[in-house]
Amino acid sequence: MAAAGSSPSIVEYFGGEDGYRCGYCKNESGNLSHGMWAHSMTVQDYQDLIDRGWRRSGKYVYKPIMNQTCCPQYTIRCQALRFQSSKSHKKVLKKMLKFISKGDVSKVASEEEPMDSHIEDVVTCDFAYKSESHVSQSELTPLSVDHPERVENEDKDTGETKEVNEQKVESGSPQICADKDTPVPGEPSHSAKTVHAPPKPGKGADLSKPPCRKAKDIRKERKLQKLLQNQMCTLEGSQLQGGDQVFLLQNSKSKTNQPKTIEDFVFVSLPDDARHKLEVRVVRSSPPSSQFKATLQESYQVYKRYQMVIHKDPPDKPTINQVRLVPVSFEDPQFKSSFNQSATLFAKYQMAIHKDTPSDCGENEAENAPNGPECGYGSFHQQYWLDGKIIAVGVIDILPYCVSSVYLYYDPDYSFLSLGVYSALREIAFTRQLHEKAPDLCFYYMGFYIHSCPKMRYKGQYRPSDLLCPETYVWTPIEQCLPLLEDAKYCRLNQDVKAVDEGRIKELGRVRVLHKRTVMPYSVYKKRRKGPSDEASVQQYASLVGQTCSERMLLFRS
């Protein structure tokens with residue numbers, strides 16, 4: 001079931017017969033996917049959908065037709081609790097630390113990351129053109145402004161009264177956290193014993209005195225003690241609680257002969273004379289928090305420069321004709337007025353990045369759960385503030401079992417800091433931090449891994465990671481997948497020939513339908529429907545979203 005108090009997801013399925021331009025291989029019509037418009041989406045439903053290969057771009061949710069599309073896109077997740085930084089990752093972290101401390105980093109574009117961010121899959125897929133070419137405006141907004149209210153009223157009339165707590169972000173499946181008990185890397189081994197060589201005669205240690213300690217270890221301990229006292233991390237403008245600081249401290253401690261973690265680099269105490277100050281703020285974007293609204297224009301200016309410099313977009317490229325920024329259930333006139341004034345700016349952003357906006361993550365209200373993170377579930381911005389100004393914005397969805405990276409944009413003047421890689425590492429650290437409050441939240445989703453596109457293979461460098469089998473929807477370690485993908489760009493990753501899709505549709509009649517403002521099972525709708533049968537379309541939809549989601553979400557039928 002969806003989270004308590006939330007309204008159900010309402011989707012309109014479009015199928016996926018026509019191809020459109022591929023942003024990876026540039027094939028003009030080879031990119032094939034199924035799609036549906038999410039008028040509302042709960043975090044649990046979206047979590048379950050991305051665990052069946054779906055992905056969102058704003059309110060448009062799509063699933064590549066893997067055995068037909070020109071560049072198969074495999075959902076990839078990183079096991080955040082077991083993540084180990086590579087040498088190139090540490091190089092980026094050290095570069096940032098050096099820049100903040102001394103300000104003397106050579107301003108040369110990094111070679112370790114693609115020029116775009118860690119989420120090019122969102123940038124390069126032209127859903128904007130697909131919706132313009134193949135989906136009419138009436139299909140994109142099939143529910144008029146008052147329809148969601150009528151749906152709400154109908155729910156009341158039919159005894160299915162639920163508050164319109166539109167927590168419309170992405171959701172995933174419960175089974176993916178089977179690994180949540182995996183020990184965190186960096187934990188000391190209780191079985192390991194240190195063997196000391198006997199001292200030479202006359203040179204032995206004085207056992208009556210404490211053992212000598214390396215000056216390096218003493219300095220680290222002092223820094224960690226200072227961190228415990230002074231470390232502050234802004235989350236919706238507030239300081240982390242003591243438990244969070246202890247977690248950061250524990251994950252920052254460098255054990256002897258063990259590799260450094262991300263936390264060792266990002267939560268280290270800086271010298272008093274540090275040249276710069278970097279602060280990462282997490283602000284809710286949907287519904288927009290006061291911090292989000294206050295920084296809206298500054299955030300847009302960063303995006304505008306990013307598009308013009310990195311993607312060579314002309315200033316007048318984007319238009320506003322398809323943006324919908326105001327939640328349909330939000331009736332505050334003052335909010336609508338102020339937010340619509342910003343729509344012109346964010347429409348440009350939306351048209352350039354998949355026809356999306358930072359706030360268009362599913363027009364929803366905050367979704368909180370007793371055992372969830374303090375910030376709640378939903379859509380957020382991680383704003384990177386350097387010396388009091390925004391230099392980058394990472395858009396993320398916090399879901400029941402993962403942090404899902406949506407996209408990133410940054411000030412091109414700071415490209416030399418490898419902000420794509422740096423923000424990905426910070427998001428992995430953020431996932432670990434959330435895990436302390438929400439034990440089930442233990443994965444970091446990076447979008448799609450596209451082996452047939454060499455520049456997109458870098459996502460596989462975040463280890464350990466898994467790819468989703470497109471036939472059985474079982475997670476498979478990427479090491480087992482790479483040899484298969486070298487032989488064929490599309491393949492079944494699960495090598496168990498007897499394995500099947502356990503979440504497949506079994507009872508079509510149980511699919512929930514919203515028809516004429518009335519919620520009903522498909523078996524009832526089928527009898528009431530007049531005209532040609534739409535069973536084939538409903539069957540396809542149900543097979544793609546799975547039995548669980550098909551019984552929770554409402555499939556809109558006109």
# chains A, B, ... in the order shown; residues from 1 in each chain; ligands from 1
call {"tool": "residues_around", "arguments": {"residues": "Cys402 (chain A)", "least_positions_apart": "5", "cutoff": "6 Å", "atoms": "only C-alpha atoms", "output": "ChimeraX atom specification"}}
result
/A:441-444
call {"tool": "write_last_selection", "arguments": {"atoms": "N, CA, C and O atoms", "output": "CSV table (one decimal), in the first residue's frame"}}
result
chain,number,residue,atom,x,y,z
A,441,LEU,N,17.0,2.3,3.8
A,441,LEU,CA,17.5,3.1,2.7
A,441,LEU,C,19.0,2.9,2.6
A,441,LEU,O,19.8,3.4,3.4
A,442,CYS,N,19.4,2.1,1.7
A,442,CYS,CA,20.8,1.7,1.6
A,442,CYS,C,21.4,1.7,0.2
A,442,CYS,O,22.5,1.2,0.1
A,443,PHE,N,20.7,2.2,-0.8
A,443,PHE,CA,21.3,2.1,-2.2
A,443,PHE,C,21.3,3.5,-2.8
A,443,PHE,O,20.5,4.4,-2.4
A,444,TYR,N,22.1,3.7,-3.7
A,444,TYR,CA,22.3,4.9,-4.5
A,444,TYR,C,22.0,4.6,-6.0
A,444,TYR,O,22.8,3.9,-6.6
call {"tool": "residues_around", "arguments": {"residues": "region 274-284 of chain A", "least_positions_apart": "5", "cutoff": "7 Å", "atoms": "only C-alpha atoms", "output": "NGL selection string"}}
result
:A and (100-103 or 234-236 or 289 or 291-292 or 379-387)
call {"tool": "residues_around", "arguments": {"residues": "Thr472 (chain A)", "least_positions_apart": "3", "cutoff": "12 Å", "atoms": "only C-alpha atoms", "output": "list in words"}}
result
Asp51, Arg52, Gly53, Leu467, Leu468, Cys469, Trp475, Thr476, Cys491, Arg492, Leu493, Asn494, Gln495, Asp496, Val497, Lys498, Ala499, Val500, Asp501, Glu502, Gly503, Arg504, Ser543, Leu544 and Gly546 of chain A
call {"tool": "write_last_selection", "arguments": {"atoms": "N, CA, C and O atoms", "output": "mmCIF file, in the first residue's frame"}}
result
data_model
loop_
_atom_site.group_PDB
_atom_site.id
_atom_site.type_symbol
_atom_site.label_atom_id
_atom_site.label_comp_id
_atom_site.auth_asym_id
_atom_site.auth_seq_id
_atom_site.Cartn_x
_atom_site.Cartn_y
_atom_site.Cartn_z
ATOM 1 N N ASP A 51 12.510 -0.187 -9.857
ATOM 2 C CA ASP A 51 13.025 -1.542 -9.713
ATOM 3 C C ASP A 51 12.450 -2.486 -10.759
ATOM 4 O O ASP A 51 12.697 -3.697 -10.711
ATOM 5 N N ARG A 52 11.685 -1.932 -11.693
ATOM 6 C CA ARG A 52 11.253 -2.681 -12.864
ATOM 7 C C ARG A 52 11.720 -1.969 -14.145
ATOM 8 O O ARG A 52 11.172 -2.186 -15.221
ATOM 9 N N GLY A 53 12.738 -1.116 -14.003
ATOM 10 C CA GLY A 53 13.354 -0.510 -15.173
ATOM 11 C C GLY A 53 12.770 0.810 -15.631
ATOM 12 O O GLY A 53 13.158 1.318 -16.680
ATOM 13 N N LEU A 467 23.370 -4.289 -11.864
ATOM 14 C CA LEU A 467 22.498 -3.943 -12.979
ATOM 15 C C LEU A 467 21.212 -4.757 -12.867
ATOM 16 O O LEU A 467 21.219 -5.883 -12.369
ATOM 17 N N LEU A 468 20.121 -4.166 -13.340
ATOM 18 C CA LEU A 468 18.818 -4.817 -13.251
ATOM 19 C C LEU A 468 18.580 -5.662 -14.494
ATOM 20 O O LEU A 468 18.658 -5.157 -15.622
ATOM 21 N N CYS A 469 18.288 -6.937 -14.286
ATOM 22 C CA CYS A 469 17.986 -7.818 -15.412
ATOM 23 C C CYS A 469 16.684 -7.357 -16.072
ATOM 24 O O CYS A 469 15.661 -7.218 -15.389
ATOM 25 N N TRP A 475 18.538 -8.116 -9.454
ATOM 26 C CA TRP A 475 19.793 -7.372 -9.489
ATOM 27 C C TRP A 475 20.970 -8.323 -9.641
ATOM 28 O O TRP A 475 21.062 -9.336 -8.951
ATOM 29 N N THR A 476 21.886 -7.967 -10.546
ATOM 30 C CA THR A 476 23.040 -8.813 -10.850
ATOM 31 C C THR A 476 24.314 -7.987 -10.716
ATOM 32 O O THR A 476 24.387 -6.875 -11.266
ATOM 33 N N CYS A 491 20.986 -8.204 -23.456
ATOM 34 C CA CYS A 491 21.044 -9.590 -22.992
ATOM 35 C C CYS A 491 20.297 -9.725 -21.675
ATOM 36 O O CYS A 491 20.102 -8.755 -20.939
ATOM 37 N N ARG A 492 19.887 -10.943 -21.409
ATOM 38 C CA ARG A 492 19.287 -11.286 -20.114
ATOM 39 C C ARG A 492 20.430 -11.419 -19.122
ATOM 40 O O ARG A 492 21.306 -12.275 -19.286
ATOM 41 N N LEU A 493 20.435 -10.595 -18.095
ATOM 42 C CA LEU A 493 21.554 -10.588 -17.161
ATOM 43 C C LEU A 493 21.478 -11.713 -16.140
ATOM 44 O O LEU A 493 22.495 -12.199 -15.660
ATOM 45 N N ASN A 494 20.282 -12.108 -15.785
ATOM 46 C CA ASN A 494 20.092 -13.216 -14.847
ATOM 47 C C ASN A 494 20.340 -14.530 -15.593
ATOM 48 O O ASN A 494 19.583 -14.899 -16.492
ATOM 49 N N GLN A 495 21.391 -15.221 -15.222
ATOM 50 C CA GLN A 495 21.776 -16.435 -15.935
ATOM 51 C C GLN A 495 21.059 -17.695 -15.450
ATOM 52 O O GLN A 495 21.303 -18.794 -15.963
ATOM 53 N N ASP A 496 20.173 -17.526 -14.491
ATOM 54 C CA ASP A 496 19.341 -18.652 -14.055
ATOM 55 C C ASP A 496 18.222 -18.829 -15.080
ATOM 56 O O ASP A 496 17.274 -18.042 -15.136
ATOM 57 N N VAL A 497 18.336 -19.850 -15.904
ATOM 58 C CA VAL A 497 17.392 -20.024 -17.010
ATOM 59 C C VAL A 497 15.984 -20.325 -16.509
ATOM 60 O O VAL A 497 15.003 -20.140 -17.248
ATOM 61 N N LYS A 498 15.856 -20.777 -15.281
ATOM 62 C CA LYS A 498 14.537 -21.109 -14.748
ATOM 63 C C LYS A 498 13.869 -19.898 -14.070
ATOM 64 O O LYS A 498 12.689 -19.960 -13.753
ATOM 65 N N ALA A 499 14.633 -18.848 -13.865
ATOM 66 C CA ALA A 499 14.090 -17.680 -13.171
ATOM 67 C C ALA A 499 13.077 -16.958 -14.049
ATOM 68 O O ALA A 499 13.216 -16.870 -15.263
ATOM 69 N N VAL A 500 12.030 -16.446 -13.406
ATOM 70 C CA VAL A 500 10.987 -15.703 -14.112
ATOM 71 C C VAL A 500 10.745 -14.389 -13.376
ATOM 72 O O VAL A 500 11.250 -14.175 -12.274
ATOM 73 N N ASP A 501 9.973 -13.527 -13.972
ATOM 74 C CA ASP A 501 9.585 -12.269 -13.336
ATOM 75 C C ASP A 501 8.574 -12.584 -12.238
ATOM 76 O O ASP A 501 7.409 -12.870 -12.511
ATOM 77 N N GLU A 502 9.014 -12.520 -10.994
ATOM 78 C CA GLU A 502 8.147 -12.869 -9.872
ATOM 79 C C GLU A 502 7.027 -11.843 -9.675
ATOM 80 O O GLU A 502 5.998 -12.150 -9.074
ATOM 81 N N GLY A 503 7.236 -10.628 -10.177
ATOM 82 C CA GLY A 503 6.223 -9.606 -10.011
ATOM 83 C C GLY A 503 5.308 -9.451 -11.207
ATOM 84 O O GLY A 503 4.569 -8.471 -11.317
ATOM 85 N N ARG A 504 5.331 -10.431 -12.103
ATOM 86 C CA ARG A 504 4.546 -10.344 -13.336
ATOM 87 C C ARG A 504 3.047 -10.308 -13.050
ATOM 88 O O ARG A 504 2.589 -10.754 -12.005
ATOM 89 N N SER A 543 1.706 -5.584 -17.467
ATOM 90 C CA SER A 543 2.902 -6.425 -17.528
ATOM 91 C C SER A 543 4.167 -5.619 -17.280
ATOM 92 O O SER A 543 5.155 -6.147 -16.758
ATOM 93 N N LEU A 544 4.147 -4.341 -17.628
ATOM 94 C CA LEU A 544 5.327 -3.499 -17.466
ATOM 95 C C LEU A 544 5.463 -2.952 -16.050
ATOM 96 O O LEU A 544 6.569 -2.843 -15.519
ATOM 97 N N GLY A 546 3.908 -4.337 -13.382
ATOM 98 C CA GLY A 546 3.844 -5.446 -12.443
ATOM 99 C C GLY A 546 2.538 -5.497 -11.673
ATOM 100 O O GLY A 546 1.791 -4.521 -11.610
#
call {"tool": "select_by_dssp", "arguments": {"residues": "region 357-537 of chain A", "states": "strand (DSSP E)", "output": "ChimeraX atom specification"}}
result
/A:378-386,389-398,402-410,443-449,465-468,475-477,512-515,518-521
call {"tool": "closest_atom_pairs", "arguments": {"of": "region 49-98 of chain A", "to": "region 17-30 of chain A", "cutoff": "12 Å", "atoms": "only C-alpha atoms", "output": "CSV"}}
result
residue,atom,partner,partner_atom,distance
A:Pro64,CA,A:Gly19,CA,10.6
A:Ile65,CA,A:Glu17,CA,9.6
A:Met66,CA,A:Gly30,CA,11.4
A:Asn67,CA,A:Gly30,CA,11.6
A:Gln68,CA,A:Gly30,CA,8.2
A:Thr69,CA,A:Gly30,CA,5.8
A:Cys70,CA,A:Gly30,CA,5.1
A:Cys71,CA,A:Tyr24,CA,7.3
A:Pro72,CA,A:Tyr24,CA,10.4
A:Gln73,CA,A:Tyr24,CA,10.6
call {"tool": "write_last_selection", "arguments": {"atoms": "all heavy atoms", "output": "mmCIF file, in the first residue's frame"}}
result
data_model
loop_
_atom_site.group_PDB
_atom_site.id
_atom_site.type_symbol
_atom_site.label_atom_id
_atom_site.label_comp_id
_atom_site.auth_asym_id
_atom_site.auth_seq_id
_atom_site.Cartn_x
_atom_site.Cartn_y
_atom_site.Cartn_z
ATOM 1 N N PRO A 64 12.608 1.972 -21.228
ATOM 2 C CA PRO A 64 13.149 1.587 -22.529
ATOM 3 C C PRO A 64 12.675 0.203 -22.954
ATOM 4 O O PRO A 64 12.544 -0.706 -22.128
ATOM 5 C CB PRO A 64 14.664 1.603 -22.296
ATOM 6 C CG PRO A 64 14.867 2.517 -21.130
ATOM 7 C CD PRO A 64 13.667 2.315 -20.253
ATOM 8 N N ILE A 65 12.376 0.070 -24.250
ATOM 9 C CA ILE A 65 12.056 -1.253 -24.805
ATOM 10 C C ILE A 65 13.395 -1.913 -25.093
ATOM 11 O O ILE A 65 13.991 -1.749 -26.159
ATOM 12 C CB ILE A 65 11.197 -1.128 -26.073
ATOM 13 C CG1 ILE A 65 9.930 -0.314 -25.765
ATOM 14 C CG2 ILE A 65 10.824 -2.514 -26.607
ATOM 15 C CD1 ILE A 65 9.048 -0.074 -26.977
ATOM 16 N N MET A 66 13.872 -2.648 -24.117
ATOM 17 C CA MET A 66 15.275 -3.041 -24.083
ATOM 18 C C MET A 66 15.723 -3.880 -25.275
ATOM 19 O O MET A 66 16.838 -3.711 -25.768
ATOM 20 C CB MET A 66 15.550 -3.784 -22.776
ATOM 21 C CG MET A 66 15.368 -2.915 -21.547
ATOM 22 S SD MET A 66 16.665 -1.682 -21.402
ATOM 23 C CE MET A 66 18.018 -2.697 -20.825
ATOM 24 N N ASN A 67 14.885 -4.772 -25.751
ATOM 25 C CA ASN A 67 15.312 -5.647 -26.844
ATOM 26 C C ASN A 67 15.107 -5.019 -28.219
ATOM 27 O O ASN A 67 15.350 -5.657 -29.229
ATOM 28 C CB ASN A 67 14.586 -6.995 -26.768
ATOM 29 C CG ASN A 67 13.079 -6.841 -26.849
ATOM 30 O OD1 ASN A 67 12.563 -5.722 -26.814
ATOM 31 N ND2 ASN A 67 12.367 -7.962 -26.940
ATOM 32 N N GLN A 68 14.661 -3.752 -28.256
ATOM 33 C CA GLN A 68 14.449 -3.080 -29.532
ATOM 34 C C GLN A 68 15.168 -1.740 -29.651
ATOM 35 O O GLN A 68 15.545 -1.333 -30.740
ATOM 36 C CB GLN A 68 12.942 -2.845 -29.761
ATOM 37 C CG GLN A 68 12.111 -4.114 -29.828
ATOM 38 C CD GLN A 68 10.639 -3.803 -30.053
ATOM 39 O OE1 GLN A 68 10.292 -2.820 -30.709
ATOM 40 N NE2 GLN A 68 9.765 -4.635 -29.500
ATOM 41 N N THR A 69 15.356 -1.048 -28.543
ATOM 42 C CA THR A 69 15.955 0.276 -28.598
ATOM 43 C C THR A 69 17.405 0.209 -29.046
ATOM 44 O O THR A 69 18.084 -0.802 -28.841
ATOM 45 C CB THR A 69 15.849 0.973 -27.226
ATOM 46 O OG1 THR A 69 16.202 2.337 -27.358
ATOM 47 C CG2 THR A 69 16.755 0.301 -26.201
ATOM 48 N N CYS A 70 17.872 1.284 -29.657
ATOM 49 C CA CYS A 70 19.220 1.278 -30.231
ATOM 50 C C CYS A 70 20.307 1.192 -29.165
ATOM 51 O O CYS A 70 21.352 0.576 -29.386
ATOM 52 C CB CYS A 70 19.422 2.525 -31.102
ATOM 53 S SG CYS A 70 19.076 4.093 -30.246
ATOM 54 N N CYS A 71 20.083 1.798 -28.020
ATOM 55 C CA CYS A 71 21.063 1.800 -26.933
ATOM 56 C C CYS A 71 20.395 1.323 -25.645
ATOM 57 O O CYS A 71 19.838 2.146 -24.887
ATOM 58 C CB CYS A 71 21.647 3.196 -26.736
ATOM 59 S SG CYS A 71 22.564 3.836 -28.154
ATOM 60 N N PRO A 72 20.397 0.025 -25.378
ATOM 61 C CA PRO A 72 19.739 -0.497 -24.172
ATOM 62 C C PRO A 72 20.258 0.179 -22.907
ATOM 63 O O PRO A 72 21.463 0.381 -22.747
ATOM 64 C CB PRO A 72 20.097 -1.992 -24.193
ATOM 65 C CG PRO A 72 20.361 -2.288 -25.634
ATOM 66 C CD PRO A 72 20.989 -1.058 -26.189
ATOM 67 N N GLN A 73 19.323 0.533 -22.030
ATOM 68 C CA GLN A 73 19.643 1.278 -20.818
ATOM 69 C C GLN A 73 19.293 0.429 -19.598
ATOM 70 O O GLN A 73 18.121 0.189 -19.327
ATOM 71 C CB GLN A 73 18.861 2.592 -20.804
ATOM 72 C CG GLN A 73 19.120 3.450 -22.038
ATOM 73 C CD GLN A 73 18.084 4.542 -22.220
ATOM 74 O OE1 GLN A 73 17.839 5.325 -21.306
ATOM 75 N NE2 GLN A 73 17.465 4.603 -23.394
#
call {"tool": "atom_distance", "arguments": {"atom1": "CA of Val511 (chain A)", "atom2": "CA of Asp45 (chain A)"}}
result
14.2 Å
call {"tool": "residues_around", "arguments": {"residues": "region 404-415 of chain A", "least_positions_apart": "5", "cutoff": "6 Å", "atoms": "only C-alpha atoms", "output": "PyMOL selection string"}}
result
chain A and resi 109+119+302-303+306+391-397+444-446
call {"tool": "closest_residue", "arguments": {"among": "A:Met553, A:Ile262, A:Ile505, A:Leu399", "to": "Met520 (chain A)", "atoms": "only C-alpha atoms"}}
result
A:Met553
call {"tool": "closest_residue", "arguments": {"among": "A:Arg55, A:Pro439, A:His515, A:Pro259", "to": "Arg529 (chain A)", "atoms": "only C-alpha atoms"}}
result
A:His515
call {"tool": "atom_distance", "arguments": {"atom1": "CA of Glu12 (chain A)", "atom2": "CA of Ile450 (chain A)"}}
result
27.4 Å
call {"tool": "atom_distance", "arguments": {"atom1": "CA of Asp217 (chain A)", "atom2": "CA of Val268 (chain A)"}}
result
13.8 Å
call {"tool": "select_by_dssp", "arguments": {"residues": "region 428-506 of chain A", "states": "alpha helix (DSSP H)", "output": "ChimeraX atom specification"}}
result
/A:428-437,478-487
call {"tool": "closest_residue", "arguments": {"among": "A:Trp37, A:Phe83, A:Phe14, A:Tyr458", "to": "Val538 (chain A)", "atoms": "only C-alpha atoms"}}
result
A:Phe14
call {"tool": "closest_residue", "arguments": {"among": "A:Tyr74, A:Tyr422, A:Leu434, A:Ala215", "to": "Tyr490 (chain A)", "atoms": "only C-alpha atoms"}}
result
A:Tyr74
